[in-house]
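Contents: one structure, followed by commentary.
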Amino acid sequence: MNKLFITGGAGFIGSAFVRMLLDEAPGYEIINFDALTYAGNLDNLDNLDAKRHRFIRGDIANRAEVLATLDEGTDAIINFAAESHVDRSIASADEFLRTNIIGTQVLLDAARERGVKRFVQISTDEVMGSLPEDDAAFFTESSPYEPNSPYAASKAAAEHLVRAAHHTFGLDTVVTRCGNNYGPRQFPEKFLPLMISNALRDEPIPLYGDGRNVRDWIYVEDHCRAILLALEKGRAGEIYNIGARNQRRNIEVVETVLRLLGKPTSLVRPVKDRPGHDRRYAIDPAMVEAQLGWRPQETWESGLAKTIEWYRQNAEWVRRARSGEYREFYAKQYGMEVGSV
Ligand SMILES: NC(=O)c1ccc[n+]([C@@H]2O[C@H](COP(=O)([O-])OP(=O)(O)OC[C@H]3O[C@@H](n4cnc5c(N)ncnc54)[C@H](O)[C@@H]3O)[C@@H](O)[C@H]2O)c1
């Protein structure tokens, strides 16, 4: 049995990865280490196989907590834990630096101290900045670092630390960089679940600027399958860009969701653009396809249908996620209350 130490496994992508391993990869046993910030949700981990999965609440930036939990003989650390919302990083970067940078270094040090065999860092295309609107430009593994938000800068810093641990100490590391994920259990502050959950309740949908920003969308389980391949077959020291060749303008995404839900486009409310808003992301996945044999299994249409259906069926999950601190954040960010009509 391979022993994995997964951080951030109560969040959106981490919990999808844990579920996928438990369902499809019987050779793994998981310690799921998560601080349960506002984005971590134990509801994401209900009904899991307790023989192969153990949840431990802890902070990756706290060296003592990490070392107390990380066993000798751990095969790999997979670091999903992060502060992950660009808008929050613009409001205040402190937690981003602490978790995304210090936390990553603590994990790298702990990996060496405990003799962990492999370290997988979950990163983002945002470390490479923004592309021109011209359809011919793509991010590749050799695109320069040009992070534009405090979030992206903190993730780029984390990548540098991972690279340094590989180069200087010979730690076996792999970095995966992905675009915008969508799927079940994403915290409703993010674009797609916000849009779906607002539309389901006939509430207005805030849309930044002219709505023409382009994102490259990938279904969360397709991302998770690529991470598993990177864990099992990725080359030490390598970076893999993961994308499903699925660029969409934000306005097109909103209109598609509203059409699928049978809701009017009059729900859309343009709001002041995000400062420094990246215009376009687009990933060239040729390397992950060629080296690791990865291909997405979902199309945009099938993934979106599954996602919408999940939010439709899980109104209680959404209600709980949208309570408390979320209401305060939302009012400040968009100048309107959650639930305003
Ligand atoms: N969501 C996307 O579209 C996307 C795209 C590319 C890359 N990523 C990266 O994937 C990873 C997971 O993203 P997500 O969308 O699931 O994020 P998320 O915000 O849903 O979850 C993050 C998780 O990390 C935990 N966490 C935060 N600080 C912690 C700390 N100090 N110690 C331990 N746990 C902590 C939270 O409790 C939460 O469970 C992140 O590293 C993010 O940068 C996300």
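Scheme for the structure tokens: letters A, B, ... for chains in order shown; per-chain residue numbers from 1; ligand numbers from 1 in order shown.
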
Using only C-alpha atoms and all ligand atoms, find each residue in chain A having at least one atom no more than 7 Å away from ligand 1; report its shortest atom-to-atom pair and that distance in Å (one decimal), rows by chain then rising number, as a tab-separated table.
```
residue	atom	partner	partner_atom_place_in_ligand_line	distance
A:Thr7	CA	ligand 1	34 (N)	5.9
A:Gly8	CA	ligand 1	24 (O)	3.6
A:Gly9	CA	ligand 1	39 (O)	5.7
A:Ala10	CA	ligand 1	39 (O)	4.0
A:Gly11	CA	ligand 1	39 (O)	3.3
A:Phe12	CA	ligand 1	16 (O)	3.7
A:Ile13	CA	ligand 1	16 (O)	3.7
A:Gly14	CA	ligand 1	16 (O)	5.3
A:Phe33	CA	ligand 1	33 (C)	6.2
A:Asp34	CA	ligand 1	34 (N)	3.7
A:Ala35	CA	ligand 1	34 (N)	4.0
A:Leu36	CA	ligand 1	37 (O)	3.6
A:Thr37	CA	ligand 1	37 (O)	4.0
A:Tyr38	CA	ligand 1	37 (O)	6.4
A:Ala39	CA	ligand 1	38 (C)	4.7
A:Gly40	CA	ligand 1	39 (O)	3.1
A:Asn41	CA	ligand 1	39 (O)	6.2
A:Gly58	CA	ligand 1	33 (C)	5.7
A:Asp59	CA	ligand 1	32 (N)	3.4
A:Ile60	CA	ligand 1	32 (N)	4.0
A:Ala61	CA	ligand 1	31 (N)	5.4
A:Asn79	CA	ligand 1	41 (O)	6.8
A:Phe80	CA	ligand 1	11 (C)	4.2
A:Ala81	CA	ligand 1	24 (O)	3.5
A:Ala82	CA	ligand 1	27 (C)	4.5
A:Glu83	CA	ligand 1	27 (C)	5.2
A:Ser84	CA	ligand 1	19 (O)	4.8
A:His85	CA	ligand 1	19 (O)	6.8
A:Thr99	CA	ligand 1	31 (N)	4.5
A:Gly103	CA	ligand 1	31 (N)	6.3
A:Ile122	CA	ligand 1	41 (O)	5.1
A:Ser123	CA	ligand 1	7 (C)	4.9
A:Thr124	CA	ligand 1	7 (C)	4.0
A:Asp125	CA	ligand 1	6 (C)	6.5
A:Lys155	CA	ligand 1	43 (O)	6.7
A:Arg177	CA	ligand 1	6 (C)	6.2
A:Cys178	CA	ligand 1	6 (C)	4.4
A:Gly179	CA	ligand 1	5 (C)	4.9
A:Asn180	CA	ligand 1	3 (O)	3.7
A:Asn181	CA	ligand 1	3 (O)	3.8
A:Tyr182	CA	ligand 1	3 (O)	6.7
A:Gln186	CA	ligand 1	20 (O)	6.0
A:Phe187	CA	ligand 1	20 (O)	6.0
```

If you keep N, CA and C atoms, can you produce a file of those selected residues as a compact mmCIF listing (two decimals), in the first residue's frame?
```txt
# COMPACT_ATOMS: atom_id res chain seq x y z
N THR A 7 -2.43 17.36 1.36
CA THR A 7 -2.81 18.57 2.09
C THR A 7 -3.93 19.28 1.33
N GLY A 8 -4.80 19.96 2.07
CA GLY A 8 -5.90 20.67 1.42
C GLY A 8 -6.96 19.73 0.86
N GLY A 9 -7.04 18.55 1.42
CA GLY A 9 -7.96 17.54 0.89
C GLY A 9 -9.41 17.72 1.31
N ALA A 10 -9.72 18.82 2.03
CA ALA A 10 -11.13 19.11 2.31
C ALA A 10 -11.64 20.22 1.40
N GLY A 11 -10.78 20.70 0.50
CA GLY A 11 -11.19 21.73 -0.45
C GLY A 11 -11.78 21.11 -1.71
N PHE A 12 -11.97 21.94 -2.69
CA PHE A 12 -12.65 21.51 -3.93
C PHE A 12 -11.87 20.42 -4.68
N ILE A 13 -10.65 20.73 -5.11
CA ILE A 13 -9.92 19.77 -5.94
C ILE A 13 -9.34 18.64 -5.08
N GLY A 14 -8.82 19.00 -3.91
CA GLY A 14 -8.25 17.98 -3.03
C GLY A 14 -9.26 16.90 -2.67
N PHE A 33 -4.57 16.11 5.37
CA PHE A 33 -4.15 17.14 6.35
C PHE A 33 -4.66 18.49 5.87
N ASP A 34 -5.59 19.09 6.63
CA ASP A 34 -6.23 20.31 6.14
C ASP A 34 -6.57 21.20 7.34
N ALA A 35 -6.37 22.50 7.18
CA ALA A 35 -6.60 23.44 8.29
C ALA A 35 -8.08 23.78 8.46
N LEU A 36 -8.91 23.38 7.49
CA LEU A 36 -10.33 23.76 7.50
C LEU A 36 -10.50 25.27 7.63
N THR A 37 -9.95 26.00 6.68
CA THR A 37 -10.22 27.43 6.57
C THR A 37 -11.65 27.58 6.06
N TYR A 38 -12.04 28.80 5.72
CA TYR A 38 -13.40 29.01 5.20
C TYR A 38 -13.67 28.12 3.97
N ALA A 39 -12.59 27.77 3.23
CA ALA A 39 -12.77 27.00 1.98
C ALA A 39 -12.75 25.50 2.21
N GLY A 40 -12.30 25.06 3.37
CA GLY A 40 -12.25 23.64 3.68
C GLY A 40 -13.60 23.22 4.25
N ASN A 41 -14.06 22.05 3.87
CA ASN A 41 -15.43 21.68 4.22
C ASN A 41 -15.50 20.17 4.46
N GLY A 58 -4.89 20.32 10.49
CA GLY A 58 -3.58 20.89 10.77
C GLY A 58 -3.21 21.92 9.71
N ASP A 59 -2.19 22.72 10.06
CA ASP A 59 -1.81 23.88 9.25
C ASP A 59 -0.45 23.58 8.59
N ILE A 60 -0.36 23.69 7.29
CA ILE A 60 0.91 23.35 6.62
C ILE A 60 2.03 24.34 6.96
N ALA A 61 1.67 25.53 7.44
CA ALA A 61 2.71 26.50 7.80
C ALA A 61 3.21 26.29 9.23
N ASN A 79 0.56 18.47 -2.46
CA ASN A 79 0.21 19.72 -1.78
C ASN A 79 -0.85 20.51 -2.54
N PHE A 80 -2.11 20.29 -2.15
CA PHE A 80 -3.22 21.08 -2.68
C PHE A 80 -3.48 22.31 -1.81
N ALA A 81 -3.04 22.27 -0.54
CA ALA A 81 -3.44 23.32 0.41
C ALA A 81 -2.98 24.67 -0.07
N ALA A 82 -3.91 25.62 -0.09
CA ALA A 82 -3.55 26.98 -0.51
C ALA A 82 -4.69 27.91 -0.17
N GLU A 83 -4.35 29.18 -0.05
CA GLU A 83 -5.35 30.23 -0.21
C GLU A 83 -5.48 30.38 -1.72
N SER A 84 -6.71 30.30 -2.24
CA SER A 84 -6.83 30.10 -3.69
C SER A 84 -7.68 31.15 -4.42
N HIS A 85 -8.16 32.16 -3.72
CA HIS A 85 -9.07 33.09 -4.41
C HIS A 85 -8.40 34.45 -4.67
N THR A 99 0.43 30.69 3.88
CA THR A 99 0.10 29.30 3.49
C THR A 99 0.83 28.90 2.21
N GLY A 103 4.11 27.76 3.92
CA GLY A 103 3.56 26.39 4.06
C GLY A 103 4.24 25.42 3.11
N ILE A 122 0.72 21.24 -6.44
CA ILE A 122 -0.40 21.59 -7.32
C ILE A 122 -0.36 23.10 -7.55
N SER A 123 -0.07 23.49 -8.79
CA SER A 123 0.08 24.91 -9.09
C SER A 123 -0.94 25.34 -10.14
N THR A 124 -0.73 26.51 -10.67
CA THR A 124 -1.76 27.13 -11.52
C THR A 124 -1.15 27.80 -12.75
N ASP A 125 -1.94 27.86 -13.82
CA ASP A 125 -1.48 28.58 -15.01
C ASP A 125 -1.26 30.07 -14.73
N LYS A 155 1.89 31.65 -5.61
CA LYS A 155 2.01 30.30 -6.20
C LYS A 155 3.31 30.18 -7.01
N ARG A 177 0.45 22.30 -13.29
CA ARG A 177 -0.18 23.62 -13.41
C ARG A 177 -1.45 23.47 -14.22
N CYS A 178 -2.54 23.94 -13.66
CA CYS A 178 -3.81 23.74 -14.33
C CYS A 178 -4.54 25.07 -14.51
N GLY A 179 -5.54 25.06 -15.38
CA GLY A 179 -6.39 26.23 -15.56
C GLY A 179 -7.61 26.15 -14.65
N ASN A 180 -8.70 26.80 -15.08
CA ASN A 180 -9.89 26.86 -14.22
C ASN A 180 -10.61 25.52 -14.14
N ASN A 181 -10.70 25.00 -12.93
CA ASN A 181 -11.42 23.75 -12.70
C ASN A 181 -12.90 24.04 -12.48
N TYR A 182 -13.74 23.11 -12.89
CA TYR A 182 -15.16 23.20 -12.52
C TYR A 182 -15.65 21.80 -12.19
N GLN A 186 -17.31 22.94 -5.41
CA GLN A 186 -16.43 24.12 -5.44
C GLN A 186 -17.09 25.23 -4.63
N PHE A 187 -16.32 25.87 -3.79
CA PHE A 187 -16.86 26.90 -2.90
C PHE A 187 -17.53 27.99 -3.74
```

Check your understanding: Near Glu29 (chain A), within 8 Å and counting only C-alpha atoms, which residues show up once chain neighbours fewer than 3 positions away are dropped, as a ChimeraX atom specification?
Key -> /A:1-4,52-53

**Study point:** Who sits within 10 Å of region 88-98 of chain A, only C-alpha atoms, same chain under 5 positions skipped, as a list in words
**Key:** Ile60, Ala61, Asn62, Ala82, Glu83, Gly103, Thr104, Ser149, Pro150, Tyr151, Ala152, Ala153, Ser154, Lys155, Ala157, Ala158, Arg274, Pro275, Gly276, Phe329, Lys332 and Gln333 of chain A

Generate the output file for the selected residues, C-alpha atoms, as a compact mmCIF listing (two decimals), in the first residue's frame.
```
# COMPACT_ATOMS: atom_id res chain seq x y z
CA ILE A 60 0.91 23.35 6.62
CA ALA A 61 2.71 26.50 7.80
CA ASN A 62 3.06 25.01 11.29
CA ALA A 82 -3.55 26.98 -0.51
CA GLU A 83 -5.35 30.23 -0.21
CA GLY A 103 3.56 26.39 4.06
CA THR A 104 5.14 24.95 0.91
CA SER A 149 -2.03 38.98 -8.67
CA PRO A 150 -0.76 38.42 -5.13
CA TYR A 151 -2.29 34.92 -5.36
CA ALA A 152 -0.41 34.11 -8.57
CA ALA A 153 2.81 35.60 -7.16
CA SER A 154 2.54 33.41 -4.06
CA LYS A 155 2.01 30.30 -6.20
CA ALA A 157 7.12 31.68 -5.27
CA ALA A 158 6.04 28.21 -4.15
CA ARG A 274 -11.16 43.22 -10.86
CA PRO A 275 -7.96 45.34 -10.59
CA GLY A 276 -5.23 43.88 -12.82
CA PHE A 329 -17.04 38.81 1.68
CA LYS A 332 -17.81 43.85 0.11
CA GLN A 333 -16.74 42.36 -3.23
```

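Restricting the calculation to only C-alpha atoms, the smallest distance between Ala244 (chain A) and any of A:Ala111, A:Leu207, A:Val220, A:Leu267 is found for A:Val220.
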
**Study point:** Sel. of strand (DSSP E) residues, region 37-249 of chain A, as an MDAnalysis selection string
**Key:** chainID A and resid 53:57 76:79 118:124 173:178 180:182 205:208 214:219 238:242 247:249

Practice item. Please provide as a list in words all residues within 12 Å of Trp317 (chain A), with the sequence filter that same-chain residues fewer than 6 positions apart are discarded (counting only C-alpha atoms). Key: Asn41, Leu42, Asp43, Asn44, Asp46, Pro184, Arg185, Gln186, Phe187, Pro188, Pro193, Ser197, Trp310, Tyr311 and Ser323 of chain A

With only C-alpha atoms as the counted atoms, please give the residues lying no more than 12 Å from Ala164 (chain A), apart from itself and same-chain residues fewer than 4 positions off, as a PDB file with N, CA and C atoms, in the first residue's frame.
```pdb
ATOM      1  N   THR A 104       4.481  25.844   1.874  1.00  0.00           N
ATOM      2  CA  THR A 104       5.138  24.948   0.910  1.00  0.00           C
ATOM      3  C   THR A 104       6.563  24.627   1.371  1.00  0.00           C
ATOM      4  N   GLN A 105       7.279  25.651   1.875  1.00  0.00           N
ATOM      5  CA  GLN A 105       8.657  25.392   2.333  1.00  0.00           C
ATOM      6  C   GLN A 105       8.675  24.452   3.541  1.00  0.00           C
ATOM      7  N   LEU A 108       8.265  21.026   2.199  1.00  0.00           N
ATOM      8  CA  LEU A 108       9.483  20.549   1.513  1.00  0.00           C
ATOM      9  C   LEU A 108      10.537  20.113   2.531  1.00  0.00           C
ATOM     10  N   ASP A 109      10.698  20.934   3.586  1.00  0.00           N
ATOM     11  CA  ASP A 109      11.670  20.579   4.637  1.00  0.00           C
ATOM     12  C   ASP A 109      11.262  19.267   5.308  1.00  0.00           C
ATOM     13  N   ALA A 157       6.063  31.806  -6.286  1.00  0.00           N
ATOM     14  CA  ALA A 157       7.122  31.683  -5.272  1.00  0.00           C
ATOM     15  C   ALA A 157       7.209  30.230  -4.801  1.00  0.00           C
ATOM     16  N   ALA A 158       6.056  29.610  -4.594  1.00  0.00           N
ATOM     17  CA  ALA A 158       6.040  28.207  -4.146  1.00  0.00           C
ATOM     18  C   ALA A 158       6.715  27.316  -5.191  1.00  0.00           C
ATOM     19  N   GLU A 159       6.435  27.561  -6.475  1.00  0.00           N
ATOM     20  CA  GLU A 159       7.101  26.768  -7.529  1.00  0.00           C
ATOM     21  C   GLU A 159       8.616  26.938  -7.465  1.00  0.00           C
ATOM     22  N   HIS A 160       9.070  28.166  -7.213  1.00  0.00           N
ATOM     23  CA  HIS A 160      10.517  28.388  -7.117  1.00  0.00           C
ATOM     24  C   HIS A 160      11.118  27.580  -5.971  1.00  0.00           C
ATOM     25  N   THR A 168      18.798  21.746  -5.299  1.00  0.00           N
ATOM     26  CA  THR A 168      19.819  21.819  -4.235  1.00  0.00           C
ATOM     27  C   THR A 168      19.909  20.530  -3.422  1.00  0.00           C
ATOM     28  N   PHE A 169      18.747  19.955  -3.118  1.00  0.00           N
ATOM     29  CA  PHE A 169      18.748  18.814  -2.196  1.00  0.00           C
ATOM     30  C   PHE A 169      18.396  17.494  -2.876  1.00  0.00           C
ATOM     31  N   GLY A 170      18.100  17.555  -4.176  1.00  0.00           N
ATOM     32  CA  GLY A 170      17.786  16.313  -4.895  1.00  0.00           C
ATOM     33  C   GLY A 170      16.439  15.725  -4.531  1.00  0.00           C
ATOM     34  N   LEU A 171      15.556  16.529  -3.930  1.00  0.00           N
ATOM     35  CA  LEU A 171      14.211  16.016  -3.628  1.00  0.00           C
ATOM     36  C   LEU A 171      13.501  15.704  -4.948  1.00  0.00           C
ATOM     37  N   ASP A 172      12.804  14.577  -4.991  1.00  0.00           N
ATOM     38  CA  ASP A 172      12.066  14.186  -6.195  1.00  0.00           C
ATOM     39  C   ASP A 172      10.755  14.970  -6.222  1.00  0.00           C
ATOM     40  N   THR A 173      10.687  15.953  -7.101  1.00  0.00           N
ATOM     41  CA  THR A 173       9.507  16.826  -7.137  1.00  0.00           C
ATOM     42  C   THR A 173       8.852  16.813  -8.517  1.00  0.00           C
ATOM     43  N   GLY A 237      11.576  16.592 -11.148  1.00  0.00           N
ATOM     44  CA  GLY A 237      11.998  17.957 -11.486  1.00  0.00           C
ATOM     45  C   GLY A 237      11.153  18.599 -12.571  1.00  0.00           C
TER      46      GLY A 237
END
```

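Remark: for Thr176 (chain A), the closest of the candidate residues A:Pro132, A:Gly115, A:Pro285, A:Pro144 is A:Pro285 (distances computed over only C-alpha atoms).
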
Review point. Near Gly262 (chain A), within 12 Å and counting only C-alpha atoms, which residues show up once chain neighbours fewer than 6 positions away are dropped, as a list of chain:residue names?
Key: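 Once the nearby chain positions are removed, what remains is A:Ile196, A:Ala199, A:Leu200, A:Asp202, A:Glu255, A:Thr256.
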
Convert the current residue selection to file output with C-alpha atoms, as a CSV table (one decimal), in the first residue's frame.
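Ended up saving to out_39.csv:
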```
chain,number,residue,atom,x,y,z
A,196,ILE,CA,-25.0,28.4,-11.0
A,199,ALA,CA,-29.1,31.4,-11.2
A,200,LEU,CA,-30.8,28.5,-9.5
A,202,ASP,CA,-33.1,33.6,-9.5
A,255,GLU,CA,-25.0,32.6,-21.1
A,256,THR,CA,-24.5,28.9,-21.5
```

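CA of Tyr145 (chain A) sits 28.1 Å away from CA of Phe5 (chain A).
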
Exercise for review: Give the answer as one residue: which of A:Glu189, A:Glu238, A:Glu126, A:Glu141 has the shortest atom-to-atom distance to Tyr334 (chain A), using only C-alpha atoms?
Suggested key: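 Selected residue with least distance to Tyr334 (chain A): A:Glu189.
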
Review point. Could you pull out all residues of region 28-229 of chain A with a DSSP call of alpha helix (DSSP H) and give them as JSON, numbers by chain?
Key: {"A": [63, 64, 65, 66, 67, 68, 69, 86, 87, 88, 89, 90, 91, 94, 95, 96, 104, 105, 106, 107, 108, 109, 110, 111, 112, 113, 150, 151, 152, 153, 154, 155, 156, 157, 158, 159, 160, 161, 162, 163, 164, 165, 166, 167, 168, 169, 191, 192, 193, 194, 195, 196, 197, 198, 199, 200, 220, 221, 222, 223, 224, 225, 226, 227, 228, 229]}

Check your understanding: With only C-alpha atoms as the basis for distance, which of A:Asp222, A:Gln247, A:Asp273, A:Arg322 is at the shortest distance from Ala136 (chain A)?
Key ->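 Smallest separation from Ala136 (chain A) among the options: A:Gln247.
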
Review point. Looking at A:Asp23, A:Glu309, A:Asp278, A:Asp210, which one is nearest to Asp49 (chain A), with distances taken over only C-alpha atoms?
Key: A:Asp23
